[in-house]
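Right, one structure below, let's go through it.
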Amino acid sequence: MLVVGAGPTGLTLACDLARRGVSVRIVDKASEFTHGSRGKGLNARSLEVHDDLGVVDRMPESGVTHMPHRKYRGAKVIAETDPEAGRWRRRIRPTRQDS
Ligand SMILES: Cc1cc2nc3c(=O)[nH]c(=O)nc-3n(C[C@H](O)[C@H](O)[C@H](O)COP(=O)(O)OP(=O)(O)OC[C@H]3O[C@@H](n4cnc5c(N)ncnc54)[C@H](O)[C@@H]3O)c2cc1C
């Protein structure tokens, strides 16, 4: 199966196809990753999709409640700081009653 576009939609589709035993090739017209953040928080619909995929309860284990700040000059990373370090270093815990 050919998946065109390696954004979140294409990658999620490719992962689900692979889980179902379908061989996948992903192509993207971009030659490099987008610089900067376009997805630091998960919205409700994304959580619903991940729930359908059966992975939403494992996601908090790899998430944090805040993000470090990364500064770029062009494509070059020039600094990375974590202004919340030591203050809000707790991991997200599932809050759903059925988890
Ligand atoms: C500044 C910013 C901040 C954001 N923050 C959040 C956030 O905190 N939380 C959140 O949930 N969402 C956030 N979003 C939205 C989120 O980034 C998008 O909803 C998401 O990227 C959409 O994923 P997608 O795979 O549908 O499309 P895209 O991410 O746009 O990916 C599409 C891919 O397809 C490729 N492509 C397109 N046409 C072709 C073609 N003809 N041939 C080959 N490849 C092609 C593109 O190069 C691209 O890589 C943010 C968006 C922006 C701009």
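Ordered as shown in the structure tokens, chains take letters A, B, and onward, while each chain numbers its residues from 1 and ligands are numbered from 1 in the order shown.
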
Test item, alpha helix (DSSP H) assignment across chain A, answer as number ranges by chain:
A: 8-19, 44-52

For chain A against ligand 1, with a cut-off of 10 Å and counting only C-alpha atoms and all ligand atoms, what is the closest atom pair and its distance in Å to one decimal for every residue that makes the cut, ordered by chain and number, as a tab-separated table?
residue	atom	partner	partner_atom_place_in_ligand_line	distance
A:Val3	CA	ligand 1	43 (C)	8.8
A:Val4	CA	ligand 1	43 (C)	5.1
A:Gly5	CA	ligand 1	34 (O)	3.2
A:Ala6	CA	ligand 1	49 (O)	4.8
A:Gly7	CA	ligand 1	25 (O)	3.4
A:Pro8	CA	ligand 1	25 (O)	4.0
A:Thr9	CA	ligand 1	25 (O)	3.7
A:Gly10	CA	ligand 1	25 (O)	5.4
A:Leu11	CA	ligand 1	25 (O)	7.3
A:Thr12	CA	ligand 1	25 (O)	8.4
A:Leu13	CA	ligand 1	25 (O)	9.4
A:Ile26	CA	ligand 1	43 (C)	9.0
A:Val27	CA	ligand 1	43 (C)	5.9
A:Asp28	CA	ligand 1	44 (N)	3.6
A:Lys29	CA	ligand 1	43 (C)	3.9
A:Ala30	CA	ligand 1	47 (O)	4.6
A:Ser31	CA	ligand 1	47 (O)	8.3
A:Glu32	CA	ligand 1	49 (O)	8.8
A:Phe33	CA	ligand 1	49 (O)	7.6
A:Thr34	CA	ligand 1	49 (O)	7.9
A:Gly36	CA	ligand 1	1 (C)	7.7
A:Ser37	CA	ligand 1	3 (C)	5.9
A:Arg38	CA	ligand 1	4 (C)	3.4
A:Gly39	CA	ligand 1	7 (C)	3.4
A:Lys40	CA	ligand 1	8 (O)	4.1
A:Gly41	CA	ligand 1	8 (O)	3.9
A:Leu42	CA	ligand 1	11 (O)	4.5
A:Asn43	CA	ligand 1	11 (O)	4.8
A:Ala44	CA	ligand 1	11 (O)	8.2
A:Arg45	CA	ligand 1	11 (O)	8.3
A:Ser46	CA	ligand 1	11 (O)	6.6
A:Leu47	CA	ligand 1	11 (O)	9.3

Go ahead and save the picked residues with N, CA and C atoms, as a compact mmCIF listing (two decimals), in the first residue's frame.
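Printed below is result10.txt as written:
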# COMPACT_ATOMS: atom_id res chain seq x y z
N VAL A 3 1.27 5.07 0.90
CA VAL A 3 0.71 6.18 1.66
C VAL A 3 1.44 7.45 1.23
N VAL A 4 0.71 8.43 0.77
CA VAL A 4 1.31 9.68 0.30
C VAL A 4 1.14 10.74 1.39
N GLY A 5 2.27 11.16 1.96
CA GLY A 5 2.25 12.17 3.01
C GLY A 5 2.68 11.56 4.33
N ALA A 6 3.80 12.05 4.88
CA ALA A 6 4.34 11.51 6.13
C ALA A 6 4.05 12.43 7.30
N GLY A 7 2.89 13.07 7.27
CA GLY A 7 2.44 13.83 8.43
C GLY A 7 1.76 12.88 9.42
N PRO A 8 1.17 13.41 10.48
CA PRO A 8 0.51 12.55 11.47
C PRO A 8 -0.56 11.64 10.86
N THR A 9 -1.32 12.14 9.90
CA THR A 9 -2.38 11.32 9.30
C THR A 9 -1.78 10.13 8.55
N GLY A 10 -0.80 10.41 7.68
CA GLY A 10 -0.18 9.33 6.91
C GLY A 10 0.55 8.34 7.78
N LEU A 11 1.29 8.83 8.79
CA LEU A 11 2.05 7.93 9.66
C LEU A 11 1.13 7.07 10.51
N THR A 12 0.03 7.67 10.99
CA THR A 12 -0.93 6.89 11.79
C THR A 12 -1.58 5.82 10.93
N LEU A 13 -1.98 6.20 9.72
CA LEU A 13 -2.56 5.22 8.80
C LEU A 13 -1.56 4.11 8.51
N ILE A 26 5.80 4.68 2.46
CA ILE A 26 5.38 6.07 2.68
C ILE A 26 6.26 6.98 1.83
N VAL A 27 5.64 7.91 1.09
CA VAL A 27 6.40 8.91 0.35
C VAL A 27 5.93 10.30 0.75
N ASP A 28 6.83 11.24 0.66
CA ASP A 28 6.48 12.62 1.00
C ASP A 28 7.23 13.54 0.05
N LYS A 29 6.58 14.60 -0.36
CA LYS A 29 7.24 15.52 -1.29
C LYS A 29 8.30 16.37 -0.61
N ALA A 30 8.21 16.47 0.75
CA ALA A 30 9.20 17.27 1.48
C ALA A 30 10.49 16.48 1.63
N SER A 31 11.62 17.15 1.49
CA SER A 31 12.90 16.46 1.60
C SER A 31 13.44 16.49 3.03
N GLU A 32 12.80 17.27 3.91
CA GLU A 32 13.23 17.31 5.30
C GLU A 32 12.05 17.59 6.20
N PHE A 33 12.24 17.34 7.52
CA PHE A 33 11.17 17.59 8.47
C PHE A 33 10.88 19.08 8.58
N THR A 34 9.65 19.40 8.95
CA THR A 34 9.29 20.77 9.25
C THR A 34 10.03 21.21 10.50
N GLY A 36 10.29 23.43 13.82
CA GLY A 36 9.34 24.05 14.73
C GLY A 36 8.22 23.08 15.08
N SER A 37 7.44 23.46 16.08
CA SER A 37 6.39 22.59 16.60
C SER A 37 5.07 22.82 15.89
N ARG A 38 4.42 21.73 15.50
CA ARG A 38 3.06 21.82 14.98
C ARG A 38 2.15 20.83 15.71
N GLY A 39 2.62 20.32 16.83
CA GLY A 39 1.82 19.33 17.54
C GLY A 39 2.32 19.05 18.94
N LYS A 40 2.41 20.11 19.76
CA LYS A 40 2.92 19.88 21.11
C LYS A 40 1.84 19.40 22.06
N GLY A 41 0.58 19.53 21.65
CA GLY A 41 -0.52 19.06 22.50
C GLY A 41 -1.46 18.19 21.69
N LEU A 42 -2.05 17.20 22.34
CA LEU A 42 -3.00 16.33 21.66
C LEU A 42 -4.41 16.87 21.84
N ASN A 43 -5.13 17.00 20.72
CA ASN A 43 -6.51 17.46 20.85
C ASN A 43 -7.44 16.28 21.07
N ALA A 44 -8.71 16.59 21.35
CA ALA A 44 -9.66 15.54 21.72
C ALA A 44 -9.85 14.51 20.62
N ARG A 45 -9.95 14.98 19.38
CA ARG A 45 -10.18 14.03 18.29
C ARG A 45 -8.99 13.08 18.09
N SER A 46 -7.76 13.64 18.28
CA SER A 46 -6.57 12.78 18.19
C SER A 46 -6.63 11.68 19.24
N LEU A 47 -7.06 12.04 20.46
CA LEU A 47 -7.18 11.04 21.52
C LEU A 47 -8.22 9.99 21.17

If you run DSSP on the backbone, which residues of chain A are strand (DSSP E or B), as a PyMOL selection string?
chain A and resi 2-4+25-27+64+69-73+76-81+91

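Here the question is which of A:Val77, A:Val22, A:Cys15, A:Met1 gets nearest to His50 (chain A) using only C-alpha atoms, and that residue is A:Cys15.
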
Between CA of Asp51 (chain A) and CA of His35 (chain A), measure the distance and give it in Å to one decimal.
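Computing it gives 28.2 Å between the two atoms.
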
Quick one, how far is CA of Thr65 (chain A) from CA of Glu84 (chain A)?
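Computing it gives 9.7 Å between the two atoms.
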
At what distance in Å, to one decimal, does CA of Ser23 (chain A) lie from CA of Gly54 (chain A)?
20.3 Å
